[in-house]
Amino acid sequence: MLKSGFKKIRLHQAVLATVVTILILIFPRFVTAQDLLPLMEPPQIVPGGGLYYGVDKLASTFRFTGNADVQVPFIATGYSGRSGWVRFANVYYGTIFRTQTIAVRDDETAQLSLDLPIGPGTGGFLMSGIARGAWIVSQDSRSVGLSSLKRGSGAVGVRLSELSDVSPNARSWQIEAFTGAEATTQLGVEATGSLVGGVATINHLNLDDWYISARGLGGWHKLDAARTNSDADVRIDLERSTLEGSVLTIGAGASTLRRQYFTKISGIPAPLAVENRNEDRIGSDFNLDYKINKVFSFGSVGMLQANSIQRSYGQAIADVPISAVSRTLAEFVVDIEGRLSLQLKQMNLMGGGSIFVRNESNTVAPLNSIGETELNTIRLQESQRDNTTSRLRLFARALWNPAERDTITAEWTWWLLRYDTPSDLNNDDRDELNALAKIRYSHTISELLIVGVSLSSQLLHTVFLRSTNSEQNNQNGVIRLSPFVFIRGAVVSMMPTFEVLANYTVYDFESQGATIRSYGYRKILYRDSVIIRFTPSMSFEIPSVVQYFETSTLLWSDFSELPSNGTLEYITKFLIFSRSQTAWEVGAGIRLYAFKQRRLMVPAGESSLTASVRSWAPEVDIRYSPSSGSTLILSGYYEFQTIEPNKKVEIPRLAMQARVAL
């Protein structure tokens, strides 16, 4: 138990805590072997398995989706009654844009895998043979250079895992190793090379009341004589909890990535240059939720990272100075938050703060012969990206129930961000002060009716520290008032929401002749969704949004405005839905849209209208949801637009989504 355990730790617990502390200082939050991902067992693509595909057409743009996650068992082996299985997983997204030409973009990632038990091992584990084939295709007819990327890989290997079935929260382990080959196409160059990889995982290992999970991955891929890629990742997570509800989780990990790929250098003919990219990431994270007593609790989350990214070329290229050096980006990030909570019978209070610091430095080291002038020029260019970002944040939240039917919530957040650059050539140095406050009150009149109001305010003050950017110094203030009503009756349901918003941005140079002017923005909005149920199988739905907003030039020193534009916009639908007991739902109706913008100050003899669009469209929605879990959604409309003064446009819209549960 944490109450006593954190104070009276036995010797071996102290040793474990020391090891954990060391790991916290040297490993990162998220690690993934990117080059091995196509051959790793993929996560669930379609929830529950099956097929998911769809098409969406709006005007001249088509969007296609095609996902699959199908697993079929076969060949019962008798090894603990296990069967093998074949799984096909696919993710596809494509677009077609038609104008005077046709632009096509396709992105697809797919894997076909086989898992077959080949015998029981000693010590209570199962041995399985695995075979996986994967391919990645990315093509864009509008791009040049990197317009096409293709990867096809295949591998075979073995997996060792626990013999008995285990629940997700029970102890388990697994080791997997495979070897194969991969063919790639980059910048028109095709290459095929060998690869090896492996992964080992341990889940929920109980060691002296600590639950430990760990994962390690490694891979090596030789594309050709000029390029070799490799990955190495490791991650460890520890968790401890008590009956009182206290929980402590600690994560640590490290990753290293080596990439060699072809690149084109402007003005340099073939052969292609080989660029090296080496990434090393180490760091850690933790999450503590400690119950002090029934009333007070303390929480803290934190993250520490140290990253290094090095870029260089395989060999120096004549007249290209950057190919003779190695450029390194070093990044260090610390983010720690603490909070204290108070939970009473009618009130919950929480407050805390956080500190975030990020430092980035860029260095250059010569690898080959290079002139001192060229080297200093590159160093000067890289050093302009050096920066330090720090943020101090304070926050508070409250929930109060003064009566059984009344609820009041309040939030407040304040932070100060500093962005500093040591280079005299970088003028982005700035300070940002942000404050946000919100209060919301709701009253439950009955089970059918809830009313309330929300009021929020935000202030952002940005100050650039260099005189060259001082004209961008500004203060932005936003005030939003939003009353609401929720009506949930057996026949009629409504959710009318009103909103009044005022947004003012004030620049240091606000005069009418300045390049950057202060401005004001005000909006009134009404949003509702009305549902009228005539019978259990038939209803009438009216979703709608109506808003009017104005913009103006703001003269803050004179406390006056020069109105510029006023805009009225609305969209509403009138749909009748019929629902049958055979899982069919059909809706049909009409949608109306209008957009009209006018100048508020118009010289004599000129028109105030600057833009006007009106449209109407018949609309149909069809949904099919049988008990098998499959779904089919088909919706569309055919819009007739009138654009002032006399332009008429017809826009079809068709969307179809289908999920087939297998």
# chains A, B, ... in the order shown; residues from 1 in each chain; ligands from 1
>>> residues_around(residues="A:Thr179", least_positions_apart="5", cutoff="7 Å", atoms="only C-alpha atoms", output="list in words")
Ala155, Val156, Gly157, Leu195, Val196 and Gly197 of chain A
>>> select_by_dssp(residues="stretch 116-290 of chain A", states="strand (DSSP E or B)", output="MDAnalysis selection string")
chainID A and resid 116:120 125:140 148:162 172:186 189:207 210:222 228:241 247:263 273:290
>>> residues_around(residues="A:Ala103", least_positions_apart="5", cutoff="6 Å", atoms="only C-alpha atoms", output="list in words")
Ile96, Phe97 and Ser141 of chain A
>>> write_last_selection(atoms="N, CA and C atoms", output="PDB file, in the first residue's frame")
ATOM      1  N   ILE A  96      -9.241  12.072 -56.493  1.00  0.00           N
ATOM      2  CA  ILE A  96      -9.208  12.475 -57.897  1.00  0.00           C
ATOM      3  C   ILE A  96      -9.825  13.860 -57.979  1.00  0.00           C
ATOM      4  N   PHE A  97      -9.071  14.774 -58.589  1.00  0.00           N
ATOM      5  CA  PHE A  97      -9.545  16.150 -58.730  1.00  0.00           C
ATOM      6  C   PHE A  97      -9.585  16.485 -60.215  1.00  0.00           C
ATOM      7  N   SER A 141       0.076  12.373 -59.188  1.00  0.00           N
ATOM      8  CA  SER A 141       0.343  12.803 -60.563  1.00  0.00           C
ATOM      9  C   SER A 141       0.731  14.266 -60.654  1.00  0.00           C
TER      10      SER A 141
END
>>> atom_distance(atom1="atom CA of A:Tyr526", atom2="atom CA of A:Leu481")
12.0 Å
>>> residues_around(residues="A:Phe534", least_positions_apart="4", cutoff="10 Å", atoms="only C-alpha atoms", output="list in words")
Ala490, Val491, Val492, Met538, Ser539 and Phe540 of chain A
>>> atom_distance(atom1="atom CA of A:Asn503", atom2="atom CA of A:Ser390")
27.3 Å
>>> closest_residue(among="A:Phe498, A:Tyr93, A:Trp135, A:Phe298", to="A:Thr109", atoms="only C-alpha atoms")
A:Trp135
>>> residues_around(residues="A:Pro47", least_positions_apart="2", cutoff="12 Å", atoms="only C-alpha atoms", output="JSON, numbers by chain")
{"A": [43, 44, 45, 49, 50, 51, 52, 67, 68, 69, 70, 89, 629, 630, 659, 660, 661, 662]}
>>> residues_around(residues="A:Ser308", least_positions_apart="6", cutoff="10 Å", atoms="only C-alpha atoms", output="ChimeraX atom specification")
/A:256,278-282,328-332,360-362
>>> residues_around(residues="A:Thr582", least_positions_apart="2", cutoff="10 Å", atoms="only C-alpha atoms", output="JSON, numbers by chain")
{"A": [579, 580, 584, 585, 624, 625, 626, 627]}
>>> write_last_selection(atoms="N, CA and C atoms", output="mmCIF file, in the first residue's frame")
data_model
loop_
_atom_site.group_PDB
_atom_site.id
_atom_site.type_symbol
_atom_site.label_atom_id
_atom_site.label_comp_id
_atom_site.auth_asym_id
_atom_site.auth_seq_id
_atom_site.Cartn_x
_atom_site.Cartn_y
_atom_site.Cartn_z
ATOM 1 N N ARG A 579 -38.058 4.941 -40.143
ATOM 2 C CA ARG A 579 -37.262 3.840 -39.623
ATOM 3 C C ARG A 579 -38.126 2.591 -39.549
ATOM 4 N N SER A 580 -37.602 1.527 -40.149
ATOM 5 C CA SER A 580 -38.347 0.271 -40.158
ATOM 6 C C SER A 580 -37.709 -0.702 -39.175
ATOM 7 N N TRP A 584 -33.587 -0.670 -41.680
ATOM 8 C CA TRP A 584 -33.474 0.384 -42.683
ATOM 9 C C TRP A 584 -33.915 1.719 -42.088
ATOM 10 N N GLU A 585 -33.219 2.776 -42.481
ATOM 11 C CA GLU A 585 -33.582 4.136 -42.094
ATOM 12 C C GLU A 585 -33.403 5.025 -43.319
ATOM 13 N N TYR A 624 -28.408 1.567 -43.332
ATOM 14 C CA TYR A 624 -28.788 0.163 -43.132
ATOM 15 C C TYR A 624 -27.876 -0.438 -42.078
ATOM 16 N N SER A 625 -28.452 -0.917 -40.985
ATOM 17 C CA SER A 625 -27.675 -1.443 -39.865
ATOM 18 C C SER A 625 -28.294 -2.750 -39.388
ATOM 19 N N PRO A 626 -27.954 -3.885 -40.018
ATOM 20 C CA PRO A 626 -28.490 -5.176 -39.564
ATOM 21 C C PRO A 626 -27.823 -5.615 -38.262
ATOM 22 N N SER A 627 -28.370 -6.628 -37.660
ATOM 23 C CA SER A 627 -27.856 -7.113 -36.378
ATOM 24 C C SER A 627 -26.480 -7.745 -36.498
#
>>> select_by_dssp(residues="stretch 422-587 of chain A", states="helix (DSSP H, G or I)", output="list of chain:residue names")
A:Ser467, A:Thr468, A:Asn469, A:Ser470, A:Glu471, A:Gln472
>>> closest_atom_pairs(of="stretch 314-350 of chain A", to="stretch 410-431 of chain A", cutoff="12 Å", atoms="only C-alpha atoms", output="tab-separated table")
residue	atom	partner	partner_atom	distance
A:Met347	CA	A:Ala410	CA	11.4
A:Asn348	CA	A:Ala410	CA	10.6
A:Leu349	CA	A:Ala410	CA	9.6
A:Met350	CA	A:Glu411	CA	9.6
>>> write_last_selection(atoms="all heavy atoms", output="mmCIF file, in the first residue's frame")
data_model
loop_
_atom_site.group_PDB
_atom_site.id
_atom_site.type_symbol
_atom_site.label_atom_id
_atom_site.label_comp_id
_atom_site.auth_asym_id
_atom_site.auth_seq_id
_atom_site.Cartn_x
_atom_site.Cartn_y
_atom_site.Cartn_z
ATOM 1 N N MET A 347 -18.714 20.144 -3.910
ATOM 2 C CA MET A 347 -17.742 20.958 -4.631
ATOM 3 C C MET A 347 -16.480 20.158 -4.908
ATOM 4 O O MET A 347 -15.995 19.410 -4.042
ATOM 5 C CB MET A 347 -17.398 22.217 -3.828
ATOM 6 C CG MET A 347 -16.375 23.127 -4.502
ATOM 7 S SD MET A 347 -16.012 24.590 -3.522
ATOM 8 C CE MET A 347 -17.609 25.405 -3.540
ATOM 9 N N ASN A 348 -15.944 20.322 -6.116
ATOM 10 C CA ASN A 348 -14.646 19.780 -6.494
ATOM 11 C C ASN A 348 -13.761 20.928 -6.946
ATOM 12 O O ASN A 348 -14.154 21.731 -7.806
ATOM 13 C CB ASN A 348 -14.773 18.762 -7.627
ATOM 14 C CG ASN A 348 -15.511 17.511 -7.199
ATOM 15 O OD1 ASN A 348 -15.536 17.170 -6.014
ATOM 16 N ND2 ASN A 348 -16.119 16.833 -8.153
ATOM 17 N N LEU A 349 -12.562 21.026 -6.363
ATOM 18 C CA LEU A 349 -11.618 22.068 -6.714
ATOM 19 C C LEU A 349 -10.310 21.429 -7.155
ATOM 20 O O LEU A 349 -9.880 20.413 -6.591
ATOM 21 C CB LEU A 349 -11.361 23.006 -5.535
ATOM 22 C CG LEU A 349 -12.568 23.750 -4.954
ATOM 23 C CD1 LEU A 349 -12.150 24.550 -3.730
ATOM 24 C CD2 LEU A 349 -13.173 24.677 -6.005
ATOM 25 N N MET A 350 -9.678 22.018 -8.138
ATOM 26 C CA MET A 350 -8.389 21.527 -8.599
ATOM 27 C C MET A 350 -7.560 22.695 -9.109
ATOM 28 O O MET A 350 -8.059 23.569 -9.820
ATOM 29 C CB MET A 350 -8.570 20.482 -9.700
ATOM 30 C CG MET A 350 -7.284 19.768 -10.108
ATOM 31 S SD MET A 350 -6.423 20.589 -11.438
ATOM 32 C CE MET A 350 -7.496 20.162 -12.809
#
>>> atom_distance(atom1="atom CA of A:Leu575", atom2="atom CA of A:Gly587")
6.1 Å
